[in-house]
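Engineer: Please see the structure below; I have some questions.
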Amino acid sequence: MTPKKTAPSTAPLIGAEQISLLERLSNAVGVSGAEHEVRKIVMAEIKDLADDIKVDALGNVLATKHARQEPGLRVMLAAHMDEVGFMLVDGEEGLYEFAMVGGIDVRQLPGKTVLVGKDHLPGVIGAKPIHHTTPDERRNAISLDSLRIDVGNGNGKKVHPGDRATFATRFQQLGPSLVGKALDNRLGVATLIELLRHAPAHIELLAAFTVQEEVGLRGARVAGYALDPQLAFALDSTPAGDMPSWDGEESPRYNTRLDGGPAIYVADQGTLSDPRLIQHLLQTAEAFGIPCQIRQPGGGGTDAGAIHKQRAGIPVVSVSVPGRYAHTAALVARLDDWQHTLALMFHALDGLTPAILDLQR
Amino acid sequence: MAELKEFLKSLLSLPGLSGFEDPVRAVIAEAWKPLVDDLSVSRIGSLHGLKAGYGDEPRPRILLSAHMDAIGMIVTGIEDGLLRFTEIGGVDPRILPGQPVTVHGQRELPGYVVQPPGWLLPEDQASTKAVEMKYLFVDTGLRPAEVNELVRVGDLVSFAQIPIELTDDWLAGHSLDNRASVAAVTACLQELQHIRHIWDVWAVASVQEEETLGGAFTSPFEIRPDLAVAVDVTFARGPGSPSDYRTFPLGKGVALGWGPNIHPALYVAFKKLAEKLDMPFHDDLMPRMSGTDAMAIQVVAEGIPTMVLSMPIRYMHTPVEVVSMKDIARTGHLMAQFIAELSADYMQTLRWDDES
Amino acid sequence: MKPLIKKLVEAVGPSGYEGAVRELVKKEVTKLADDVRVDALGNLIVRKGKQRPGGLRIMLSAHMDEIGIIATHIDENGFVRFTTIGGVYPRTLFGGRVQFLNGAFGVISGERLESADRVHSFEKMYIDVGADSKANCPVKIGDLAIFERPMIDLGSRLVAKSMDDRIAVAVLIETLRKLESTPHEVYFVFSTQEEVGTRGATTAAYGIDPDLGIAVDVTGTGDTPKGMRMAVKLGAGPAVKVRDGGMLSDPRVVRWMSDTAEAAKIPYQLEILEAGSTDARAIQLTRAGVPVGCLSIPCRYIHSPSEMVDYSDVVNAVSLLTVLLSNPIQLK
């Protein structure tokens, strides 16, 4: 079989500059409801890339880049800025009880370092010394009730209940991989910034850097309403669960696979993607020889779940960069998958015309 | 204060279950009528009172939302003159046996929730285990023929507990959640009679909070306020409640919400105002959702900057909730003073942390 | 009406992929309607009448979609793993047959369990489509299927898959046919994606901006051996919903519907369903709020491949809706 002819890609490339931006985004703290550090980076990056930029009542950044050619199809691209994390809720003298913000497995917490408050005060989440535990205790997960964030005596004045905290992981590149906290969804944020930079002339590009995705797609809801697009894409990160199964058997569940390319959504908890947009993505990938994968239908969700229900309905699809160990201290993604995601989205936008809306859904 | 207490007591003596708020709305409307310039009812039953501001048109608008609906029960079936029922809103079946209720049939029928003897219950609930709601009845004392005549599936059952003044300051009764907040909004409107405020004030007694947040999703869509305050009750410290960040001492001040549902600059503004007024307050940390009308209001249409104010009450969702009148008065005062200070260009000054 | 019902319940239309049902309905309604359009989520919106003084803009909603499954994995031997679309119960699947949108068929079976009494979880089930390798499997990841089952006519009772909610689709079509004149602007909405969270009705209601909304859907019954405790039964008339797990009907709408039924001598029942919800929930919260109600067709074995309704309830539902829509409405 001869390989199919594919068109040469003219998609923007991910180089040192883009990786450095991702690094800054990953290291910034933006727990749901307190996304300001991330917003600040985004605002600085896009100030010359869009014609109109505003911050709305929830803190979403809504940026419009006008079409410079007909027909100016109104396309919304959404990427959430927020990350899962913690809020200090009680305590003093440097030792704090905390609550989770967004879905985190409590087993991920003991023995981790965290950043607390707006000054990024370092803190630790300790655990009882193994010497003082019984074999029975060690079989059970350590409960959230018994965990504290410790910022050290004397630092009690610098942080307060109500402050947010998140994992202290610093971004790094390990061979082909990108490793850091909050790459769900700073990968999407970085991708959206590049797409704004390279927006096709015939598209009215409506970029939404959203808040509060991890606590219920709340930013995307009002952003979708305000921007009122003809169709929308959510750019996100999705778990790659392609590690070996405990019993060595082939696992029918993996969600996505690393190195499989961008993950295209058909169905998740919140959305049944518009089949016309799925087809468009698949055809674009084939035309340019971009690897991609269908995310296994199932749970989870993206901003698309809120966007498609706004006003009289908005066709949506989601595209995610696969990443292992989402919602933990360190997510592992591949540079290649990110590059392919950017390329797929760039060409998909480039090839998008209003004719797609005339097809029967 | 005495007048406010009497008003609240009158509210606590009324039904007005989620989705069926008419009886309580009528009494609130009566109280608000002299305090506002216009009264209207939304398409699904929320009461809207507009107190016009003194600024130049178009004036910015603030919405104060207090839900007026209450939890209760609804008849699902009739067996031998006894009523089967299910809940409206979250009712703990363990508080029900022996509870005086009113059945809203063809006419109002007094009755009691009754628990059948153990030998008529499933084995696991026969002696010491809590009895599930589906095995309880309401007994009206009437014979089956008369019950069949007067009651049908879908009729409401409300708590009949009359309000009790425990002390001068502490009041007990059913549906203090959230009629206490309706009283606070009323107190605010009363204070505003003597204040030349610039903004339009929309007082809303919202419907269906306990079930669907129905009022909170719809009224802001119609009113399109620039700012909103959801007023609700929160947990007071007391017997059986945890003594952690989720509870507050009763009668010791208003709880100011902080978390994703709340615009951080509004929290700061209310906190500074409370300090200026020398009013006691607590930080009410809401790491995820607030469990109030604010969850809906904030995400209506293009989004609305929202604040949450709460009064601590004990024994929430029982017919003997306890509130402090002082906390109600404080909440009303704080809102009125906030409104008094709102300048015509306040929205331009509302900033995010990262904006200079 | 039975041939129409048969056509509708045997059509293939899982949530999000209602195209085949939409085409069927379109053929039935085009000649009867003043306007027919399809919105961004695939809702078929059919208008009859123009609002006259005293008339209302009314949205009726019956959902076209049905529950189903979606392929998540094809293993080396061509077996298909799947997850569900909408509320599917594991106990109703084993040994059943599915039909994929692309025409492929398969049977549902499962891994061998230690105990024969256990019900398979979805994770332990698979679909055998007759393939013996991944390469010759006619199904790909992301393909949808429904539970294939022809309708049976038991005389007064009808049994089929997707009575939920094609029976209501049939009721709306018949009502449109019977409705000679109306003072109202009536939108018959054949909605999408109800089974995954009333998504189609959400956007249809926003677009229509109605003064009044009525969902037509199925509801459970309490008339089977040692079954659920519920006052509704088959054959006693359509049910006027008072509440369900997600919605409180507007009491004014409940009064209007039940008073109308009584005046017209059409049998009806009052319904309280303790779980589940309908398109009415979505309509009620649209824009500044909409008074809503729901007319339910009593139905046994909901969300199984053999849902049973009583034909007289269906006929009475059409009669009641027709009377409701033919006259001016005063909600009180």
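Labeling convention for the structure tokens: chains A, B, ... as they appear, residues from 1 per chain, ligands from 1 in order of appearance.
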Name the residues in contact with B:Leu50 at a cut-off of 6 Å, using only C-alpha atoms, excluding same-chain residues fewer than 3 positions from it; report them as a ChimeraX atom specification.

Structural biologist: /B:36-38,201-202

Engineer: Can you pull out the residues contacting stretch 185-195 of chain B? Cut-off 6 Å, using only C-alpha atoms, and skip same-chain residues under 6 positions away; I want them as an mmCIF file with C-alpha atoms, in the first residue's frame.

Structural biologist:
data_model
loop_
_atom_site.group_PDB
_atom_site.id
_atom_site.type_symbol
_atom_site.label_atom_id
_atom_site.label_comp_id
_atom_site.auth_asym_id
_atom_site.auth_seq_id
_atom_site.Cartn_x
_atom_site.Cartn_y
_atom_site.Cartn_z
ATOM 1 C CA GLY B 332 -30.240 44.673 56.237
ATOM 2 C CA HIS B 333 -28.144 47.573 57.487
ATOM 3 C CA ALA B 336 -28.474 49.537 52.797
#

Engineer: Smallest atom-to-atom distance to C:Asp211: which of C:Val318, C:Ala33, C:Leu24, C:Leu56, using only C-alpha atoms?

Structural biologist: C:Leu56

Engineer: Determine, for each residue of stretch 6-111 of chain A having at least one atom at most 10 Å from an atom of stretch 277-292 of chain A, the closest pair of atoms and their separation in Å to one decimal, counting only C-alpha atoms; order by chain and ascending number, as a Markdown table.

Structural biologist:
| residue | atom | partner | partner_atom | distance |
| --- | --- | --- | --- | --- |
| A:Thr6 | CA | A:Phe288 | CA | 5.0 |
| A:Ala7 | CA | A:Phe288 | CA | 5.0 |
| A:Pro8 | CA | A:Phe288 | CA | 6.4 |
| A:Ser9 | CA | A:Phe288 | CA | 6.1 |
| A:Thr10 | CA | A:Phe288 | CA | 9.5 |
| A:Ala11 | CA | A:Phe288 | CA | 9.9 |

Engineer: Using only C-alpha atoms, pick whichever of A:Gln18, A:Asn60, A:Asn153, A:Asn27 has the shortest atom-to-atom distance to A:Gly219.

Structural biologist: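 That would be A:Asn60, the residue with the smallest distance to A:Gly219.
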
Engineer: Got a sec to tell me which of stretch 112-259 of chain C DSSP assigns to strand (DSSP E or B), as a ChimeraX atom specification?

Structural biologist: /C:125-128,144-147,152-153,157-160,185-191,212-219,239-244,247-248

Engineer: For a quick test of understanding: name the residues of chain B lying within 10 Å of chain C when counting only C-alpha atoms, and present them as a ChimeraX atom specification.

Structural biologist: /B:18-20,42-46,74-78,84-88,134,152-155,208,211-223,300-301

Engineer: Restrict the selected residues to C-alpha atoms and save them as an mmCIF file, in the first residue's frame.

Structural biologist:
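Saved result, result-v9.cif, follows:
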data_model
loop_
_atom_site.group_PDB
_atom_site.id
_atom_site.type_symbol
_atom_site.label_atom_id
_atom_site.label_comp_id
_atom_site.auth_asym_id
_atom_site.auth_seq_id
_atom_site.Cartn_x
_atom_site.Cartn_y
_atom_site.Cartn_z
ATOM 1 C CA SER B 18 -40.936 25.596 46.390
ATOM 2 C CA GLY B 19 -43.002 26.008 43.251
ATOM 3 C CA PHE B 20 -46.046 27.053 45.280
ATOM 4 C CA SER B 42 -41.998 37.227 37.204
ATOM 5 C CA ARG B 43 -43.405 34.661 34.827
ATOM 6 C CA ILE B 44 -42.626 31.882 37.288
ATOM 7 C CA GLY B 45 -43.663 33.694 40.425
ATOM 8 C CA SER B 46 -40.683 35.617 41.854
ATOM 9 C CA ILE B 74 -46.354 16.654 48.784
ATOM 10 C CA VAL B 75 -48.975 13.909 48.734
ATOM 11 C CA THR B 76 -48.103 10.965 46.483
ATOM 12 C CA GLY B 77 -50.882 8.570 47.373
ATOM 13 C CA ILE B 78 -53.815 7.859 49.710
ATOM 14 C CA ARG B 84 -48.237 8.905 51.545
ATOM 15 C CA PHE B 85 -45.893 11.733 50.723
ATOM 16 C CA THR B 86 -42.501 12.732 49.422
ATOM 17 C CA GLU B 87 -40.365 15.774 50.042
ATOM 18 C CA ILE B 88 -40.057 19.144 48.355
ATOM 19 C CA LYS B 134 -41.838 6.300 52.012
ATOM 20 C CA ARG B 152 -55.624 14.206 46.036
ATOM 21 C CA VAL B 153 -52.196 13.372 44.700
ATOM 22 C CA GLY B 154 -50.140 16.542 44.345
ATOM 23 C CA ASP B 155 -51.629 18.355 47.344
ATOM 24 C CA GLN B 208 -37.693 27.425 43.804
ATOM 25 C CA GLU B 211 -35.305 22.630 44.078
ATOM 26 C CA THR B 212 -33.971 24.166 40.866
ATOM 27 C CA LEU B 213 -32.684 27.664 41.693
ATOM 28 C CA GLY B 214 -35.483 28.572 39.293
ATOM 29 C CA GLY B 215 -35.987 32.129 40.477
ATOM 30 C CA ALA B 216 -32.276 32.867 40.595
ATOM 31 C CA PHE B 217 -31.758 31.724 37.010
ATOM 32 C CA THR B 218 -34.665 33.726 35.605
ATOM 33 C CA SER B 219 -35.166 37.015 37.497
ATOM 34 C CA PRO B 220 -31.644 38.329 36.773
ATOM 35 C CA PHE B 221 -32.204 37.528 33.099
ATOM 36 C CA GLU B 222 -35.192 39.856 33.124
ATOM 37 C CA ILE B 223 -33.704 42.565 35.360
ATOM 38 C CA VAL B 300 -26.939 34.383 34.005
ATOM 39 C CA ALA B 301 -26.521 35.758 30.478
#

Engineer: Could you give me, as CSV, every chain C residue with an atom at most 7 Å from chain A, plus its closest atom pair and distance in Å to one decimal, counting only C-alpha atoms, rows ordered by chain then number?

Structural biologist:
residue,atom,partner,partner_atom,distance
C:Gly16,CA,A:Leu272,CA,6.0
C:Ala40,CA,A:Gly313,CA,5.3
C:Leu41,CA,A:Gly313,CA,5.8
C:Gly42,CA,A:Arg361,CA,6.3
C:Ile70,CA,A:Pro297,CA,6.9
C:Thr72,CA,A:Gln296,CA,5.0
C:His73,CA,A:Pro252,CA,5.9
C:Thr83,CA,A:Gly298,CA,6.3
C:Ile141,CA,A:Gln296,CA,6.9
C:Gly142,CA,A:Val266,CA,6.0
C:Arg199,CA,A:Lys309,CA,6.5
C:Thr202,CA,A:Lys309,CA,6.5
C:Thr203,CA,A:Ala312,CA,4.3
C:Ala204,CA,A:Ala312,CA,5.9
C:Tyr206,CA,A:Ala312,CA,5.3
C:Gly207,CA,A:Ala312,CA,4.7

Engineer: Those same residues - N, CA, C and O atoms - I'd like them written as a PDB file, in the first residue's frame.

Structural biologist:
ATOM      1  N   GLY C  16     -28.234  12.769  19.930  1.00  0.00           N
ATOM      2  CA  GLY C  16     -27.207  13.435  19.129  1.00  0.00           C
ATOM      3  C   GLY C  16     -27.222  13.007  17.672  1.00  0.00           C
ATOM      4  O   GLY C  16     -26.591  13.643  16.830  1.00  0.00           O
ATOM      5  N   ALA C  40     -29.679  24.579  15.509  1.00  0.00           N
ATOM      6  CA  ALA C  40     -28.262  24.186  15.561  1.00  0.00           C
ATOM      7  C   ALA C  40     -28.034  22.856  16.260  1.00  0.00           C
ATOM      8  O   ALA C  40     -27.048  22.172  16.004  1.00  0.00           O
ATOM      9  N   LEU C  41     -28.915  22.470  17.165  1.00  0.00           N
ATOM     10  CA  LEU C  41     -28.745  21.188  17.852  1.00  0.00           C
ATOM     11  C   LEU C  41     -29.600  20.086  17.229  1.00  0.00           C
ATOM     12  O   LEU C  41     -29.700  18.992  17.761  1.00  0.00           O
ATOM     13  N   GLY C  42     -30.227  20.396  16.092  1.00  0.00           N
ATOM     14  CA  GLY C  42     -30.966  19.365  15.378  1.00  0.00           C
ATOM     15  C   GLY C  42     -32.428  19.258  15.767  1.00  0.00           C
ATOM     16  O   GLY C  42     -33.134  18.369  15.283  1.00  0.00           O
ATOM     17  N   ILE C  70     -22.348   3.523  22.837  1.00  0.00           N
ATOM     18  CA  ILE C  70     -21.323   4.049  21.942  1.00  0.00           C
ATOM     19  C   ILE C  70     -20.049   3.224  22.132  1.00  0.00           C
ATOM     20  O   ILE C  70     -19.674   2.906  23.274  1.00  0.00           O
ATOM     21  N   THR C  72     -16.336   2.119  22.588  1.00  0.00           N
ATOM     22  CA  THR C  72     -15.167   2.775  23.180  1.00  0.00           C
ATOM     23  C   THR C  72     -13.859   2.078  22.821  1.00  0.00           C
ATOM     24  O   THR C  72     -12.788   2.654  22.958  1.00  0.00           O
ATOM     25  N   HIS C  73     -13.959   0.825  22.390  1.00  0.00           N
ATOM     26  CA  HIS C  73     -12.722   0.076  22.159  1.00  0.00           C
ATOM     27  C   HIS C  73     -13.038  -1.149  21.303  1.00  0.00           C
ATOM     28  O   HIS C  73     -14.076  -1.779  21.486  1.00  0.00           O
ATOM     29  N   THR C  83     -19.732   2.184  26.085  1.00  0.00           N
ATOM     30  CA  THR C  83     -20.334   2.886  27.215  1.00  0.00           C
ATOM     31  C   THR C  83     -21.724   3.335  26.782  1.00  0.00           C
ATOM     32  O   THR C  83     -22.120   3.134  25.630  1.00  0.00           O
ATOM     33  N   ILE C 141     -14.309   3.048  17.054  1.00  0.00           N
ATOM     34  CA  ILE C 141     -14.504   3.802  18.293  1.00  0.00           C
ATOM     35  C   ILE C 141     -15.343   5.036  17.997  1.00  0.00           C
ATOM     36  O   ILE C 141     -15.081   5.751  17.028  1.00  0.00           O
ATOM     37  N   GLY C 142     -16.349   5.275  18.831  1.00  0.00           N
ATOM     38  CA  GLY C 142     -17.195   6.456  18.624  1.00  0.00           C
ATOM     39  C   GLY C 142     -18.452   6.169  17.826  1.00  0.00           C
ATOM     40  O   GLY C 142     -19.283   7.061  17.662  1.00  0.00           O
ATOM     41  N   ARG C 199     -30.912  18.646  26.548  1.00  0.00           N
ATOM     42  CA  ARG C 199     -30.079  19.681  25.921  1.00  0.00           C
ATOM     43  C   ARG C 199     -30.776  20.355  24.751  1.00  0.00           C
ATOM     44  O   ARG C 199     -30.691  21.568  24.581  1.00  0.00           O
ATOM     45  N   THR C 202     -33.381  22.866  25.787  1.00  0.00           N
ATOM     46  CA  THR C 202     -32.780  24.076  26.351  1.00  0.00           C
ATOM     47  C   THR C 202     -32.608  25.147  25.277  1.00  0.00           C
ATOM     48  O   THR C 202     -32.996  26.292  25.452  1.00  0.00           O
ATOM     49  N   THR C 203     -32.047  24.743  24.140  1.00  0.00           N
ATOM     50  CA  THR C 203     -31.753  25.735  23.105  1.00  0.00           C
ATOM     51  C   THR C 203     -32.994  26.038  22.277  1.00  0.00           C
ATOM     52  O   THR C 203     -33.188  27.165  21.839  1.00  0.00           O
ATOM     53  N   ALA C 204     -33.863  25.040  22.079  1.00  0.00           N
ATOM     54  CA  ALA C 204     -35.095  25.286  21.325  1.00  0.00           C
ATOM     55  C   ALA C 204     -35.945  26.311  22.064  1.00  0.00           C
ATOM     56  O   ALA C 204     -36.485  27.241  21.465  1.00  0.00           O
ATOM     57  N   TYR C 206     -34.984  28.589  24.147  1.00  0.00           N
ATOM     58  CA  TYR C 206     -34.371  29.916  24.056  1.00  0.00           C
ATOM     59  C   TYR C 206     -34.734  30.566  22.722  1.00  0.00           C
ATOM     60  O   TYR C 206     -35.109  31.738  22.660  1.00  0.00           O
ATOM     61  N   GLY C 207     -34.636  29.791  21.660  1.00  0.00           N
ATOM     62  CA  GLY C 207     -34.918  30.320  20.328  1.00  0.00           C
ATOM     63  C   GLY C 207     -36.379  30.708  20.147  1.00  0.00           C
ATOM     64  O   GLY C 207     -36.683  31.713  19.511  1.00  0.00           O
TER      65      GLY C 207
END

Engineer: Please produce, as JSON lines, a per-residue contact table for chain A versus chain B (criterion: any atom at most 7 Å away, only C-alpha atoms considered), showing the nearest atom pair and its distance in Å to one decimal, sorted by chain then residue number.

Structural biologist:
{"residue": "A:Ser32", "atom": "CA", "partner": "B:Pro260", "partner_atom": "CA", "distance": 6.7}
{"residue": "A:Gly33", "atom": "CA", "partner": "B:Pro260", "partner_atom": "CA", "distance": 4.0}
{"residue": "A:His36", "atom": "CA", "partner": "B:Asp354", "partner_atom": "CA", "distance": 5.4}
{"residue": "A:Glu37", "atom": "CA", "partner": "B:Asp354", "partner_atom": "CA", "distance": 6.8}
{"residue": "A:Lys40", "atom": "CA", "partner": "B:Asp354", "partner_atom": "CA", "distance": 6.0}
{"residue": "A:Ala57", "atom": "CA", "partner": "B:Pro305", "partner_atom": "CA", "distance": 5.1}
{"residue": "A:Leu58", "atom": "CA", "partner": "B:Gly303", "partner_atom": "CA", "distance": 6.4}
{"residue": "A:Met87", "atom": "CA", "partner": "B:Pro287", "partner_atom": "CA", "distance": 6.0}
{"residue": "A:Val89", "atom": "CA", "partner": "B:Tyr245", "partner_atom": "CA", "distance": 6.1}
{"residue": "A:Asp90", "atom": "CA", "partner": "B:Tyr245", "partner_atom": "CA", "distance": 6.0}
{"residue": "A:Ala99", "atom": "CA", "partner": "B:Pro287", "partner_atom": "CA", "distance": 6.7}
{"residue": "A:Val101", "atom": "CA", "partner": "B:Arg288", "partner_atom": "CA", "distance": 6.0}
{"residue": "A:Gly162", "atom": "CA", "partner": "B:Leu285", "partner_atom": "CA", "distance": 6.1}
{"residue": "A:Val215", "atom": "CA", "partner": "B:Arg288", "partner_atom": "CA", "distance": 6.4}
{"residue": "A:Arg218", "atom": "CA", "partner": "B:Val299", "partner_atom": "CA", "distance": 6.6}
{"residue": "A:Arg221", "atom": "CA", "partner": "B:Val299", "partner_atom": "CA", "distance": 6.8}
{"residue": "A:Val222", "atom": "CA", "partner": "B:Glu302", "partner_atom": "CA", "distance": 4.6}
{"residue": "A:Ala223", "atom": "CA", "partner": "B:Glu302", "partner_atom": "CA", "distance": 6.6}
{"residue": "A:Tyr225", "atom": "CA", "partner": "B:Glu302", "partner_atom": "CA", "distance": 5.9}
{"residue": "A:Ala226", "atom": "CA", "partner": "B:Glu302", "partner_atom": "CA", "distance": 5.1}

Engineer: To one decimal place, how far is atom CA of A:Leu121 from atom CA of A:Thr328 in Å?

Structural biologist: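 Interatomic distance here is 19.6 Å.
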
Engineer: Could you give me, as a PyMOL selection string, each residue of stretch 143-309 of chain A that DSSP assigns to alpha helix (DSSP H) when run on this structure's backbone?

Structural biologist: chain A and resi 183-197+218-227+275-288+304-307
